[in-house]
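Undergrad: Dropping in input_16.cif, which is mmCIF, C-alpha atoms (C1' of nucleotides):
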```cif
data_structure
loop_
_atom_site.label_atom_id
_atom_site.label_comp_id
_atom_site.auth_asym_id
_atom_site.auth_seq_id
_atom_site.Cartn_x
_atom_site.Cartn_y
_atom_site.Cartn_z
CA MET A 1 0.00 0.00 0.00
CA ALA A 2 2.51 2.60 -1.08
CA ARG A 3 -0.37 4.88 -2.07
CA ASN A 4 -1.88 4.87 1.39
CA LYS A 5 1.46 5.36 3.09
CA ARG A 6 2.02 8.46 0.96
CA LEU A 7 -1.42 9.80 1.76
CA GLN A 8 -0.87 9.26 5.45
CA ASP A 9 2.46 11.03 5.33
CA ARG A 10 0.88 13.94 3.55
CA GLU A 11 -1.89 14.27 6.09
CA GLU A 12 0.58 14.01 8.93
CA LYS A 13 2.73 16.80 7.54
CA GLN A 14 -0.35 18.89 6.93
CA LYS A 15 -1.41 18.41 10.53
CA GLU A 16 2.04 19.36 11.80
CA ILE A 17 1.94 22.63 9.87
CA MET A 18 -1.63 23.33 11.00
CA SER A 19 -0.77 22.56 14.61
CA ALA A 20 2.20 24.93 14.52
CA ALA A 21 0.09 27.62 12.86
CA ARG A 22 -2.77 27.05 15.29
CA THR A 23 -0.74 27.72 18.44
CA LEU A 24 0.93 30.76 16.90
CA PHE A 25 -2.31 32.23 15.51
CA LEU A 26 -4.09 31.80 18.85
CA ASN A 27 -1.24 33.13 20.98
CA GLU A 28 0.28 35.85 18.84
CA GLY A 29 -2.47 36.56 16.32
CA TYR A 30 -2.67 36.06 12.58
CA ASP A 31 -0.77 39.12 11.40
CA ALA A 32 1.92 38.79 14.03
CA THR A 33 2.62 35.21 12.94
CA SER A 34 4.96 34.90 9.99
CA MET A 35 5.06 31.95 7.65
CA SER A 36 8.73 31.57 8.58
CA ARG A 37 7.91 30.99 12.25
CA ILE A 38 5.24 28.46 11.38
CA ALA A 39 7.67 26.68 9.07
CA ASN A 40 10.37 26.81 11.73
CA ILE A 41 8.22 25.06 14.33
CA ALA A 42 6.83 22.59 11.81
CA GLY A 43 10.40 21.79 10.78
CA VAL A 44 10.16 22.71 7.12
CA ALA A 45 11.34 25.52 4.85
CA PRO A 46 8.94 28.49 4.70
CA ASN A 47 8.01 27.88 1.09
CA THR A 48 7.23 24.22 1.75
CA ILE A 49 3.99 25.35 3.41
CA TYR A 50 2.83 26.44 -0.03
CA TRP A 51 2.98 22.87 -1.23
CA TYR A 52 0.27 21.98 1.28
CA PHE A 53 -1.74 25.20 1.41
CA LYS A 54 -2.54 27.74 -1.29
CA ASP A 55 -1.66 30.68 0.94
CA LYS A 56 -1.78 31.98 4.51
CA ASP A 57 -5.54 32.58 4.32
CA GLU A 58 -6.28 29.02 3.25
CA LEU A 59 -4.18 27.81 6.15
CA LEU A 60 -6.30 29.94 8.48
CA VAL A 61 -9.59 28.68 7.03
CA ASN A 62 -8.44 25.09 7.54
CA ILE A 63 -7.62 25.77 11.17
CA LEU A 64 -10.94 27.57 11.70
CA ASN A 65 -12.83 24.62 10.27
CA THR A 66 -11.25 21.92 12.41
CA GLU A 67 -11.61 24.20 15.42
CA LEU A 68 -15.30 24.72 14.61
CA ILE A 69 -16.01 21.02 14.14
CA ASP A 70 -14.29 20.14 17.41
CA ARG A 71 -16.27 22.63 19.50
CA PHE A 72 -19.57 22.11 17.74
CA SER A 73 -19.62 18.36 18.28
CA THR A 74 -19.20 18.79 22.03
CA TYR A 75 -21.89 21.49 22.03
CA ILE A 76 -24.43 18.91 20.84
CA GLU A 77 -23.79 16.89 23.99
CA LEU A 78 -24.70 19.87 26.13
CA GLN A 79 -28.49 19.81 25.66
CA THR A 80 -29.09 19.01 29.34
CA LYS A 81 -28.03 22.45 30.59
CA ASN A 82 -30.22 25.55 30.13
CA ILE A 83 -29.91 28.15 27.38
CA ILE A 84 -27.88 30.72 29.26
CA GLU A 85 -25.39 28.14 30.45
CA ARG A 86 -25.07 26.80 26.90
CA ILE A 87 -24.40 30.26 25.43
CA LEU A 88 -21.88 31.05 28.18
CA TRP A 89 -20.17 27.76 27.42
CA VAL A 90 -19.95 28.72 23.76
CA ILE A 91 -18.42 32.09 24.63
CA ASP A 92 -15.99 30.45 27.01
CA GLN A 93 -14.96 27.94 24.36
CA PHE A 94 -14.47 30.60 21.76
CA LYS A 95 -12.34 32.70 24.09
CA LEU A 96 -9.39 30.85 22.59
CA VAL A 97 -10.46 31.79 19.11
CA LYS A 98 -11.09 35.41 20.14
CA GLN A 99 -8.03 36.74 18.33
CA LEU A 100 -9.26 35.10 15.16
CA VAL A 101 -12.77 36.58 15.25
CA THR A 102 -11.31 40.00 14.56
CA THR A 103 -8.93 38.61 11.97
CA VAL A 104 -11.80 36.99 10.09
CA HIS A 105 -13.79 40.24 10.05
CA GLY A 106 -10.74 42.15 8.91
CA ARG A 107 -9.93 39.80 6.04
CA LEU A 108 -13.51 39.25 4.76
CA HIS A 109 -12.99 41.49 1.76
CA LEU A 110 -9.38 40.51 1.16
CA SER A 111 -9.83 36.76 0.89
CA PRO A 112 -12.74 34.97 -0.85
CA GLU A 113 -12.02 31.81 1.15
CA ILE A 114 -12.45 33.65 4.41
CA TYR A 115 -15.56 35.41 3.12
CA ILE A 116 -17.22 32.09 2.34
CA TRP A 117 -16.14 30.56 5.64
CA HIS A 118 -17.56 33.55 7.54
CA GLU A 119 -20.91 33.29 5.76
CA ARG A 120 -21.22 29.60 6.58
CA PHE A 121 -20.23 30.23 10.17
CA HIS A 122 -22.89 32.92 10.59
CA ILE A 123 -25.63 30.71 9.14
CA LEU A 124 -24.60 27.93 11.51
CA VAL A 125 -24.63 30.10 14.62
CA GLU A 126 -27.80 31.91 13.58
CA ASN A 127 -29.64 28.60 13.17
CA LEU A 128 -28.42 27.59 16.58
CA LEU A 129 -29.54 30.82 18.21
CA ARG A 130 -32.89 30.78 16.37
CA GLN A 131 -33.61 27.34 17.75
CA GLU A 132 -32.73 28.49 21.26
CA LEU A 133 -34.98 31.54 20.93
CA ILE A 134 -37.92 29.51 19.60
CA GLN A 135 -37.54 27.06 22.46
CA SER A 136 -37.54 29.87 25.01
CA GLY A 137 -40.88 31.02 23.57
CA VAL A 138 -40.09 34.26 21.71
CA GLU A 139 -42.98 35.30 19.44
CA GLU A 140 -42.63 34.69 15.66
CA GLY A 141 -42.36 38.27 14.43
CA ARG A 142 -39.52 39.25 16.72
CA ILE A 143 -37.32 36.21 16.23
CA GLU A 144 -35.22 37.35 13.25
CA ALA A 145 -34.28 40.66 14.84
CA LYS A 146 -33.53 38.91 18.11
CA VAL A 147 -31.34 36.36 16.34
CA LYS A 148 -29.21 39.15 14.86
CA ILE A 149 -28.97 40.94 18.18
CA ALA A 150 -27.95 37.68 19.82
CA ILE A 151 -25.21 36.89 17.34
CA PHE A 152 -23.84 40.44 17.47
CA THR A 153 -23.83 40.23 21.24
CA VAL A 154 -21.96 36.92 21.17
CA GLU A 155 -19.41 38.46 18.84
CA GLY A 156 -19.17 41.47 21.14
CA LEU A 157 -18.62 39.24 24.16
CA LEU A 158 -15.82 37.52 22.26
CA ALA A 159 -14.13 40.72 21.17
CA HIS A 160 -14.32 42.57 24.51
CA GLU A 161 -13.05 41.58 27.92
CA LEU A 162 -15.93 41.40 30.43
CA THR A 163 -16.38 39.90 33.89
CA ASP A 164 -18.31 36.64 34.34
CA ASP A 165 -21.09 38.54 36.13
CA GLU A 166 -21.48 40.97 33.26
CA LYS A 167 -21.54 38.13 30.75
CA HIS A 168 -24.21 36.32 32.74
CA ALA A 169 -26.38 39.41 33.07
CA ILE A 170 -26.12 40.07 29.35
CA CYS A 171 -27.03 36.50 28.39
CA SER A 172 -30.01 36.47 30.76
CA GLU A 173 -31.22 39.75 29.27
CA LEU A 174 -30.82 38.29 25.79
CA PHE A 175 -33.22 35.40 26.44
CA LYS A 176 -35.71 37.26 28.62
CA LEU A 177 -39.41 37.10 27.53
CA MET B 1 4.94 86.51 13.32
CA ALA B 2 7.47 84.01 12.04
CA ARG B 3 6.54 81.71 14.93
CA ASN B 4 2.86 81.62 13.95
CA LYS B 5 3.65 81.16 10.30
CA ARG B 6 5.73 78.11 11.20
CA LEU B 7 2.98 76.66 13.36
CA GLN B 8 0.44 77.16 10.61
CA ASP B 9 2.66 75.47 8.06
CA ARG B 10 3.15 72.55 10.37
CA GLU B 11 -0.57 72.11 10.94
CA GLU B 12 -1.25 72.40 7.24
CA LYS B 13 1.26 69.70 6.39
CA GLN B 14 -0.14 67.51 9.15
CA LYS B 15 -3.63 67.92 7.73
CA GLU B 16 -2.44 67.06 4.24
CA ILE B 17 -0.91 63.84 5.47
CA MET B 18 -4.00 63.01 7.53
CA SER B 19 -6.31 63.76 4.62
CA ALA B 20 -4.31 61.48 2.32
CA ALA B 21 -4.26 58.76 4.96
CA ARG B 22 -7.96 59.21 5.69
CA THR B 23 -9.15 58.57 2.14
CA LEU B 24 -6.82 55.60 1.74
CA PHE B 25 -7.70 54.05 5.12
CA LEU B 26 -11.44 54.39 4.42
CA ASN B 27 -11.30 53.12 0.85
CA GLU B 28 -8.61 50.47 0.96
CA GLY B 29 -8.33 49.71 4.66
CA TYR B 30 -5.54 50.23 7.16
CA ASP B 31 -3.34 47.25 6.37
CA ALA B 32 -3.73 47.64 2.62
CA THR B 33 -2.52 51.23 2.83
CA SER B 34 1.24 51.63 2.86
CA MET B 35 3.05 54.62 4.27
CA SER B 36 4.61 55.10 0.84
CA ARG B 37 1.22 55.60 -0.81
CA ILE B 38 0.15 58.07 1.86
CA ALA B 39 3.43 59.95 1.44
CA ASN B 40 3.04 59.87 -2.33
CA ILE B 41 -0.38 61.52 -2.24
CA ALA B 42 0.65 63.98 0.45
CA GLY B 43 3.66 64.90 -1.67
CA VAL B 44 6.40 64.01 0.79
CA ALA B 45 8.97 61.27 1.25
CA PRO B 46 7.68 58.23 3.15
CA ASN B 47 9.89 58.85 6.15
CA THR B 48 8.79 62.47 6.40
CA ILE B 49 5.51 61.23 7.88
CA TYR B 50 7.50 60.14 10.92
CA TRP B 51 8.41 63.74 11.58
CA TYR B 52 4.73 64.51 12.17
CA PHE B 53 3.44 61.24 13.60
CA LYS B 54 5.16 58.69 15.85
CA ASP B 55 4.03 55.75 13.73
CA LYS B 56 1.20 54.42 11.58
CA ASP B 57 -0.99 53.72 14.62
CA GLU B 58 -0.70 57.27 15.93
CA LEU B 59 -1.68 58.52 12.49
CA LEU B 60 -4.77 56.29 12.65
CA VAL B 61 -5.72 57.48 16.13
CA ASN B 62 -5.50 61.10 14.98
CA ILE B 63 -7.81 60.39 12.06
CA LEU B 64 -10.25 58.49 14.30
CA ASN B 65 -10.39 61.41 16.71
CA THR B 66 -11.15 64.12 14.17
CA GLU B 67 -13.67 61.78 12.55
CA LEU B 68 -15.33 61.19 15.92
CA ILE B 69 -15.50 64.87 16.82
CA ASP B 70 -17.02 65.74 13.44
CA ARG B 71 -19.81 63.17 13.64
CA PHE B 72 -20.50 63.61 17.32
CA SER B 73 -21.06 67.35 17.08
CA THR B 74 -23.73 66.90 14.41
CA TYR B 75 -25.33 64.11 16.48
CA ILE B 76 -26.04 66.63 19.24
CA GLU B 77 -28.18 68.64 16.81
CA LEU B 78 -30.33 65.58 16.14
CA GLN B 79 -32.32 65.55 19.39
CA THR B 80 -35.59 66.30 17.59
CA LYS B 81 -35.84 62.88 15.92
CA ASN B 82 -36.77 59.71 17.87
CA ILE B 83 -34.34 57.17 19.30
CA ILE B 84 -34.48 54.62 16.51
CA GLU B 85 -33.92 57.26 13.86
CA ARG B 86 -31.00 58.66 15.85
CA ILE B 87 -29.31 55.25 16.18
CA LEU B 88 -29.87 54.49 12.50
CA TRP B 89 -28.30 57.84 11.71
CA VAL B 90 -25.27 56.94 13.79
CA ILE B 91 -24.90 53.60 12.02
CA ASP B 92 -25.30 55.29 8.65
CA GLN B 93 -22.66 57.86 9.52
CA PHE B 94 -20.23 55.24 10.69
CA LYS B 95 -20.69 53.16 7.55
CA LEU B 96 -17.73 55.12 6.21
CA VAL B 97 -15.66 54.20 9.21
CA LYS B 98 -16.76 50.56 9.00
CA GLN B 99 -13.39 49.37 7.74
CA LEU B 100 -11.72 50.98 10.72
CA VAL B 101 -13.94 49.37 13.38
CA THR B 102 -12.39 46.00 12.61
CA THR B 103 -8.91 47.51 12.40
CA VAL B 104 -9.28 49.06 15.84
CA HIS B 105 -10.40 45.76 17.37
CA GLY B 106 -7.55 43.96 15.67
CA ARG B 107 -4.87 46.37 16.87
CA LEU B 108 -6.13 46.83 20.45
CA HIS B 109 -3.42 44.66 21.91
CA LEU B 110 -0.70 45.73 19.48
CA SER B 111 -0.88 49.47 20.06
CA PRO B 112 -1.39 51.21 23.44
CA GLU B 113 -2.59 54.37 21.66
CA ILE B 114 -5.37 52.46 19.94
CA TYR B 115 -6.23 50.63 23.15
CA ILE B 116 -6.75 53.91 24.97
CA TRP B 117 -8.71 55.43 22.10
CA HIS B 118 -10.98 52.38 21.97
CA GLU B 119 -11.69 52.57 25.71
CA ARG B 120 -12.63 56.26 25.48
CA PHE B 121 -14.80 55.60 22.46
CA HIS B 122 -16.69 52.84 24.23
CA ILE B 123 -17.35 54.97 27.29
CA LEU B 124 -18.64 57.76 25.07
CA VAL B 125 -21.01 55.55 23.10
CA GLU B 126 -22.13 53.67 26.21
CA ASN B 127 -23.06 56.92 27.94
CA LEU B 128 -24.99 57.92 24.86
CA LEU B 129 -26.88 54.63 24.69
CA ARG B 130 -27.51 54.60 28.44
CA GLN B 131 -29.15 58.00 28.21
CA GLU B 132 -31.32 56.84 25.31
CA LEU B 133 -32.38 53.72 27.22
CA ILE B 134 -33.23 55.66 30.38
CA GLN B 135 -35.31 58.08 28.34
CA SER B 136 -37.20 55.23 26.70
CA GLY B 137 -38.12 53.99 30.18
CA VAL B 138 -36.09 50.83 30.69
CA GLU B 139 -36.08 49.71 34.33
CA GLU B 140 -32.95 50.39 36.45
CA GLY B 141 -31.71 46.84 36.96
CA ARG B 142 -31.68 45.91 33.29
CA ILE B 143 -30.01 49.02 31.92
CA GLU B 144 -26.33 48.01 32.13
CA ALA B 145 -26.91 44.70 30.34
CA LYS B 146 -29.05 46.43 27.75
CA VAL B 147 -26.37 49.07 27.18
CA LYS B 148 -23.80 46.37 26.40
CA ILE B 149 -26.19 44.53 24.12
CA ALA B 150 -26.95 47.80 22.35
CA ILE B 151 -23.31 48.71 21.78
CA PHE B 152 -22.44 45.21 20.58
CA THR B 153 -25.40 45.36 18.21
CA VAL B 154 -24.28 48.72 16.85
CA GLU B 155 -20.81 47.29 16.28
CA GLY B 156 -22.37 44.27 14.62
CA LEU B 157 -24.46 46.46 12.34
CA LEU B 158 -21.30 48.30 11.36
CA ALA B 159 -19.28 45.17 10.67
CA HIS B 160 -21.94 43.25 8.70
CA GLU B 161 -23.85 44.23 5.59
CA LEU B 162 -27.61 44.29 6.29
CA THR B 163 -30.63 45.73 4.50
CA ASP B 164 -32.30 48.91 5.78
CA ASP B 165 -35.38 46.93 6.80
CA GLU B 166 -33.29 44.52 8.86
CA LYS B 167 -31.46 47.40 10.50
CA HIS B 168 -34.74 49.10 11.38
CA ALA B 169 -36.26 45.92 12.81
CA ILE B 170 -33.17 45.33 14.93
CA CYS B 171 -33.10 48.89 16.30
CA SER B 172 -36.81 48.78 17.15
CA GLU B 173 -36.30 45.50 18.97
CA LEU B 174 -33.37 47.01 20.86
CA PHE B 175 -35.45 49.82 22.35
CA LYS B 176 -38.65 47.84 22.93
CA LEU B 177 -40.06 47.95 26.50
"C1'" DA C 1 5.42 14.05 -5.63
"C1'" DC C 2 7.79 16.61 -2.50
"C1'" DC C 3 11.11 20.05 -0.79
"C1'" DT C 4 14.39 23.89 -0.99
"C1'" DG C 5 17.63 28.17 -1.88
"C1'" DA C 6 17.44 32.13 -3.88
"C1'" DA C 7 15.01 35.82 -5.39
"C1'" DC C 8 10.99 39.26 -5.91
"C1'" DA C 9 8.45 43.03 -4.68
"C1'" DC C 10 6.96 44.67 -1.05
"C1'" DC C 11 6.45 46.36 4.22
"C1'" DG C 12 7.11 49.94 8.54
"C1'" DT C 13 10.70 52.24 10.53
"C1'" DT C 14 15.45 54.32 11.61
"C1'" DC C 15 19.26 57.25 10.97
"C1'" DA C 16 22.96 59.92 9.27
"C1'" DA C 17 23.26 63.64 6.30
"C1'" DG C 18 21.59 67.60 4.32
"C1'" DT C 19 19.09 72.47 4.34
"C1'" DA D 1 13.18 72.66 12.54
"C1'" DC D 2 12.25 70.13 8.71
"C1'" DC D 3 13.08 66.79 5.00
"C1'" DT D 4 15.38 63.07 2.50
"C1'" DG D 5 18.19 58.88 0.43
"C1'" DA D 6 19.76 54.95 1.79
"C1'" DA D 7 19.53 51.20 4.57
"C1'" DC D 8 17.53 47.66 7.98
"C1'" DA D 9 15.09 43.82 9.11
"C1'" DC D 10 11.37 42.07 7.98
"C1'" DC D 11 6.99 40.28 5.06
"C1'" DG D 12 4.14 36.67 1.84
"C1'" DT D 13 4.90 34.43 -2.23
"C1'" DT D 14 7.07 32.46 -6.64
"C1'" DC D 15 10.01 29.65 -9.26
"C1'" DA D 16 13.71 27.11 -11.11
"C1'" DA D 17 16.31 23.46 -9.53
"C1'" DG D 18 16.95 19.48 -7.07
"C1'" DT D 19 15.51 14.54 -5.19
#
```
Would it be possible to restate this file's structure as structure tokens?
TA:
Amino acid sequence: MARNKRLQDREEKQKEIMSAARTLFLNEGYDATSMSRIANIAGVAPNTIYWYFKDKDELLVNILNTELIDRFSTYIELQTKNIIERILWVIDQFKLVKQLVTTVHGRLHLSPEIYIWHERFHILVENLLRQELIQSGVEEGRIEAKVKIAIFTVEGLLAHELTDDEKHAICSELFKL
Amino acid sequence: MARNKRLQDREEKQKEIMSAARTLFLNEGYDATSMSRIANIAGVAPNTIYWYFKDKDELLVNILNTELIDRFSTYIELQTKNIIERILWVIDQFKLVKQLVTTVHGRLHLSPEIYIWHERFHILVENLLRQELIQSGVEEGRIEAKVKIAIFTVEGLLAHELTDDEKHAICSELFKL
DNA sequence: ACCTGAACACCGTTCAAGT
DNA sequence: ACCTGAACACCGTTCAAGT
């Protein structure tokens, strides 16, 4: 199975590069992380990364996707807790990705890949919030506006440093009525 | 008045640089605008900018401040219209600055100047929204949470492209009850 | 197919040298 | 005081050349 061996090697190398990029992106931020540093940690030449990924943006989108899948699958197993606790959990989880929220917004109109990823992400989260709002008994006509307010608030809570008490008060207010 | 002449020249040159930077920052974005292009339009050598401004971030903060003062002073004269119209006006005004909202959030932790500016800006807008919410009769205990939700929503409306109807529905929902 | 050294066309910023 | 040319230490990315 030479074919499979090759494929496995390729995936492994890809994962090494992504893992190096992931830690750097999360700790230092996207702009502050150079391809050279990623390559250094992954143990390859800087231009080798371009064999596995089209460019820096595609590398970011790949990391965002695996990150999203990981968190989302554990979210599903959280249906026992109440709405506010679930939303707070989401915010807490995404604290790590906080740096990248701003990066994504900033690169929307520079990278088509990121634009598409962002659209998909919003639809996903909006569906999730809509379901939560329906379940908590918000009347039909107000749901769409409330969904938008909710997602903007979640983004705000990610972008700005607030205390746990403030976060809790805001989430309660969000799902009141 | 050689002294005054000098001062005037200095301010004029500063304004020329800021005006060049302003148009480029708003149209192309902060990162996409190089100091060379700014210098080119302002008619100076790239490094001359550093005689007038400490660095690119300080240049941005200066532009943000004059922009803020301009818009804010006309906002004061808007007290006749109702709350929703006033907020929609704010969002419409800041559409131009949209690009820079993301930039500011992205550079918060890279530049102390921008960090301080952002804090001041938030306090200003929060005071404004708090006043609006008090006037529309929101009960004491819920005001602080509602203020945060309102400011996050305004930021969200700036960062994301929505239709006028959606914007209106969201603002009405924000100031309901 | 996979990886690299060298190069390209940029950055923001500094500094010695000019006026 | 004001302005500049030249240089510095970077970027992300490309490409011809190797295995």
Undergrad: What does the PyMOL selection byres ((chain B) within 9 of (chain D)) select in this file, as an mmCIF file with C-alpha atoms, in the coordinates of the input?
TA:
```cif
data_model
loop_
_atom_site.group_PDB
_atom_site.id
_atom_site.type_symbol
_atom_site.label_atom_id
_atom_site.label_comp_id
_atom_site.auth_asym_id
_atom_site.auth_seq_id
_atom_site.Cartn_x
_atom_site.Cartn_y
_atom_site.Cartn_z
ATOM 1 C CA VAL B 44 6.400 64.010 0.790
ATOM 2 C CA ALA B 45 8.970 61.270 1.250
ATOM 3 C CA ASN B 47 9.890 58.850 6.150
ATOM 4 C CA THR B 48 8.790 62.470 6.400
ATOM 5 C CA TRP B 51 8.410 63.740 11.580
#
```
Undergrad: Run through the PyMOL selection byres ((chain B and resi 18) around 12) on the given coordinates and return the selected residues as number ranges by chain.
TA: B: 11-17, 19-26, 35, 38-39, 41-42, 49, 52-53, 56, 58-67
Undergrad: Quick one: apply the PyMOL selection byres ((chain B) within 8 of (chain A)) to the file and drop the selected residues here as a compact mmCIF listing (two decimals) with C-alpha atoms, keeping the file's coordinate frame.
TA:
```txt
# COMPACT_ATOMS: atom_id res chain seq x y z
CA GLN B 99 -13.39 49.37 7.74
CA THR B 102 -12.39 46.00 12.61
CA THR B 103 -8.91 47.51 12.40
CA HIS B 105 -10.40 45.76 17.37
CA GLY B 106 -7.55 43.96 15.67
CA ARG B 142 -31.68 45.91 33.29
CA ALA B 145 -26.91 44.70 30.34
CA LYS B 146 -29.05 46.43 27.75
CA LYS B 148 -23.80 46.37 26.40
CA ILE B 149 -26.19 44.53 24.12
CA PHE B 152 -22.44 45.21 20.58
CA THR B 153 -25.40 45.36 18.21
CA GLU B 155 -20.81 47.29 16.28
CA GLY B 156 -22.37 44.27 14.62
CA LEU B 157 -24.46 46.46 12.34
CA ALA B 159 -19.28 45.17 10.67
CA GLU B 166 -33.29 44.52 8.86
CA ALA B 169 -36.26 45.92 12.81
CA ILE B 170 -33.17 45.33 14.93
CA GLU B 173 -36.30 45.50 18.97
CA LEU B 174 -33.37 47.01 20.86
```
Undergrad: Work out how far atom CA of Glu161 of chain A is from atom CA of Asn27 of chain A, in Å to one decimal.
TA: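 Atom-to-atom, atom CA of Asn27 of chain A and atom CA of Glu161 of chain A are spaced 16.1 Å apart.
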Undergrad: First collect every listed atom of segment 14-18 of chain D; then fit an axis-aligned box around them, widen it by 5 Å on each side, and give centre and edge lengths in Å to one decimal, as AutoDock Vina command-line options.
TA:
```
--center_x 12.0 --center_y 26.0 --center_z -8.9 --size_x 19.9 --size_y 23.0 --size_z 14.5
```
Undergrad: Separation of atom CA of Gln79 of chain B and atom CA of Glu126 of chain B, in Å?
TA: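 According to the coordinates, atom CA of Gln79 of chain B and atom CA of Glu126 of chain B are separated by 17.1 Å.
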Undergrad: If I take atom CA of Lys176 of chain B and atom CA of Val138 of chain A, how far is one from the other in Å, to one decimal?
TA: 13.7 Å
Undergrad: Have a look at A:Leu7, A:Ile76, A:Asp164, A:Glu119 and name the one nearest to Leu88 of chain A; count all atoms listed in the file.
TA: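 Of the candidates, the smallest distance to Leu88 of chain A is held by A:Asp164.
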Undergrad: At the level of N, CA, C and O atoms, write segment 158-173 of chain B to a file as a PDB file, in the first residue's frame, please.
TA:
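So the final result, stored in part.pdb, reads:
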```pdb
ATOM      1  N   LEU B 158     -22.360  47.658  12.115  1.00  0.00           N
ATOM      2  CA  LEU B 158     -21.299  48.303  11.361  1.00  0.00           C
ATOM      3  C   LEU B 158     -20.453  47.283  10.601  1.00  0.00           C
ATOM      4  O   LEU B 158     -20.050  47.503   9.464  1.00  0.00           O
ATOM      5  N   ALA B 159     -20.207  46.146  11.254  1.00  0.00           N
ATOM      6  CA  ALA B 159     -19.278  45.171  10.674  1.00  0.00           C
ATOM      7  C   ALA B 159     -19.926  44.320   9.578  1.00  0.00           C
ATOM      8  O   ALA B 159     -19.242  43.823   8.692  1.00  0.00           O
ATOM      9  N   HIS B 160     -21.262  44.139   9.647  1.00  0.00           N
ATOM     10  CA  HIS B 160     -21.943  43.252   8.704  1.00  0.00           C
ATOM     11  C   HIS B 160     -22.917  44.018   7.811  1.00  0.00           C
ATOM     12  O   HIS B 160     -23.588  44.934   8.262  1.00  0.00           O
ATOM     13  N   GLU B 161     -22.969  43.581   6.571  1.00  0.00           N
ATOM     14  CA  GLU B 161     -23.846  44.226   5.591  1.00  0.00           C
ATOM     15  C   GLU B 161     -25.290  43.752   5.775  1.00  0.00           C
ATOM     16  O   GLU B 161     -25.592  42.579   5.581  1.00  0.00           O
ATOM     17  N   LEU B 162     -26.197  44.653   6.151  1.00  0.00           N
ATOM     18  CA  LEU B 162     -27.609  44.290   6.291  1.00  0.00           C
ATOM     19  C   LEU B 162     -28.479  45.258   5.495  1.00  0.00           C
ATOM     20  O   LEU B 162     -28.059  46.358   5.163  1.00  0.00           O
ATOM     21  N   THR B 163     -29.704  44.833   5.205  1.00  0.00           N
ATOM     22  CA  THR B 163     -30.633  45.731   4.503  1.00  0.00           C
ATOM     23  C   THR B 163     -31.181  46.772   5.476  1.00  0.00           C
ATOM     24  O   THR B 163     -31.125  46.591   6.693  1.00  0.00           O
ATOM     25  N   ASP B 164     -31.745  47.857   4.942  1.00  0.00           N
ATOM     26  CA  ASP B 164     -32.300  48.914   5.781  1.00  0.00           C
ATOM     27  C   ASP B 164     -33.447  48.389   6.638  1.00  0.00           C
ATOM     28  O   ASP B 164     -33.589  48.772   7.805  1.00  0.00           O
ATOM     29  N   ASP B 165     -34.275  47.505   6.048  1.00  0.00           N
ATOM     30  CA  ASP B 165     -35.382  46.927   6.800  1.00  0.00           C
ATOM     31  C   ASP B 165     -34.886  46.133   8.007  1.00  0.00           C
ATOM     32  O   ASP B 165     -35.414  46.260   9.115  1.00  0.00           O
ATOM     33  N   GLU B 166     -33.865  45.322   7.765  1.00  0.00           N
ATOM     34  CA  GLU B 166     -33.295  44.525   8.861  1.00  0.00           C
ATOM     35  C   GLU B 166     -32.764  45.426   9.963  1.00  0.00           C
ATOM     36  O   GLU B 166     -33.022  45.211  11.153  1.00  0.00           O
ATOM     37  N   LYS B 167     -32.018  46.459   9.529  1.00  0.00           N
ATOM     38  CA  LYS B 167     -31.456  47.402  10.503  1.00  0.00           C
ATOM     39  C   LYS B 167     -32.559  48.025  11.353  1.00  0.00           C
ATOM     40  O   LYS B 167     -32.443  48.130  12.569  1.00  0.00           O
ATOM     41  N   HIS B 168     -33.643  48.443  10.673  1.00  0.00           N
ATOM     42  CA  HIS B 168     -34.735  49.103  11.377  1.00  0.00           C
ATOM     43  C   HIS B 168     -35.393  48.162  12.373  1.00  0.00           C
ATOM     44  O   HIS B 168     -35.665  48.531  13.528  1.00  0.00           O
ATOM     45  N   ALA B 169     -35.630  46.928  11.932  1.00  0.00           N
ATOM     46  CA  ALA B 169     -36.255  45.923  12.812  1.00  0.00           C
ATOM     47  C   ALA B 169     -35.384  45.672  14.044  1.00  0.00           C
ATOM     48  O   ALA B 169     -35.885  45.573  15.172  1.00  0.00           O
ATOM     49  N   ILE B 170     -34.089  45.599  13.828  1.00  0.00           N
ATOM     50  CA  ILE B 170     -33.167  45.331  14.932  1.00  0.00           C
ATOM     51  C   ILE B 170     -33.151  46.491  15.929  1.00  0.00           C
ATOM     52  O   ILE B 170     -33.208  46.289  17.144  1.00  0.00           O
ATOM     53  N   CYS B 171     -33.118  47.723  15.407  1.00  0.00           N
ATOM     54  CA  CYS B 171     -33.104  48.888  16.296  1.00  0.00           C
ATOM     55  C   CYS B 171     -34.402  49.013  17.082  1.00  0.00           C
ATOM     56  O   CYS B 171     -34.395  49.353  18.272  1.00  0.00           O
ATOM     57  N   SER B 172     -35.529  48.733  16.436  1.00  0.00           N
ATOM     58  CA  SER B 172     -36.813  48.785  17.147  1.00  0.00           C
ATOM     59  C   SER B 172     -36.801  47.764  18.280  1.00  0.00           C
ATOM     60  O   SER B 172     -37.204  48.061  19.411  1.00  0.00           O
ATOM     61  N   GLU B 173     -36.347  46.569  17.978  1.00  0.00           N
ATOM     62  CA  GLU B 173     -36.304  45.497  18.975  1.00  0.00           C
ATOM     63  C   GLU B 173     -35.420  45.893  20.166  1.00  0.00           C
ATOM     64  O   GLU B 173     -35.732  45.605  21.311  1.00  0.00           O
TER      65      GLU B 173
END
```
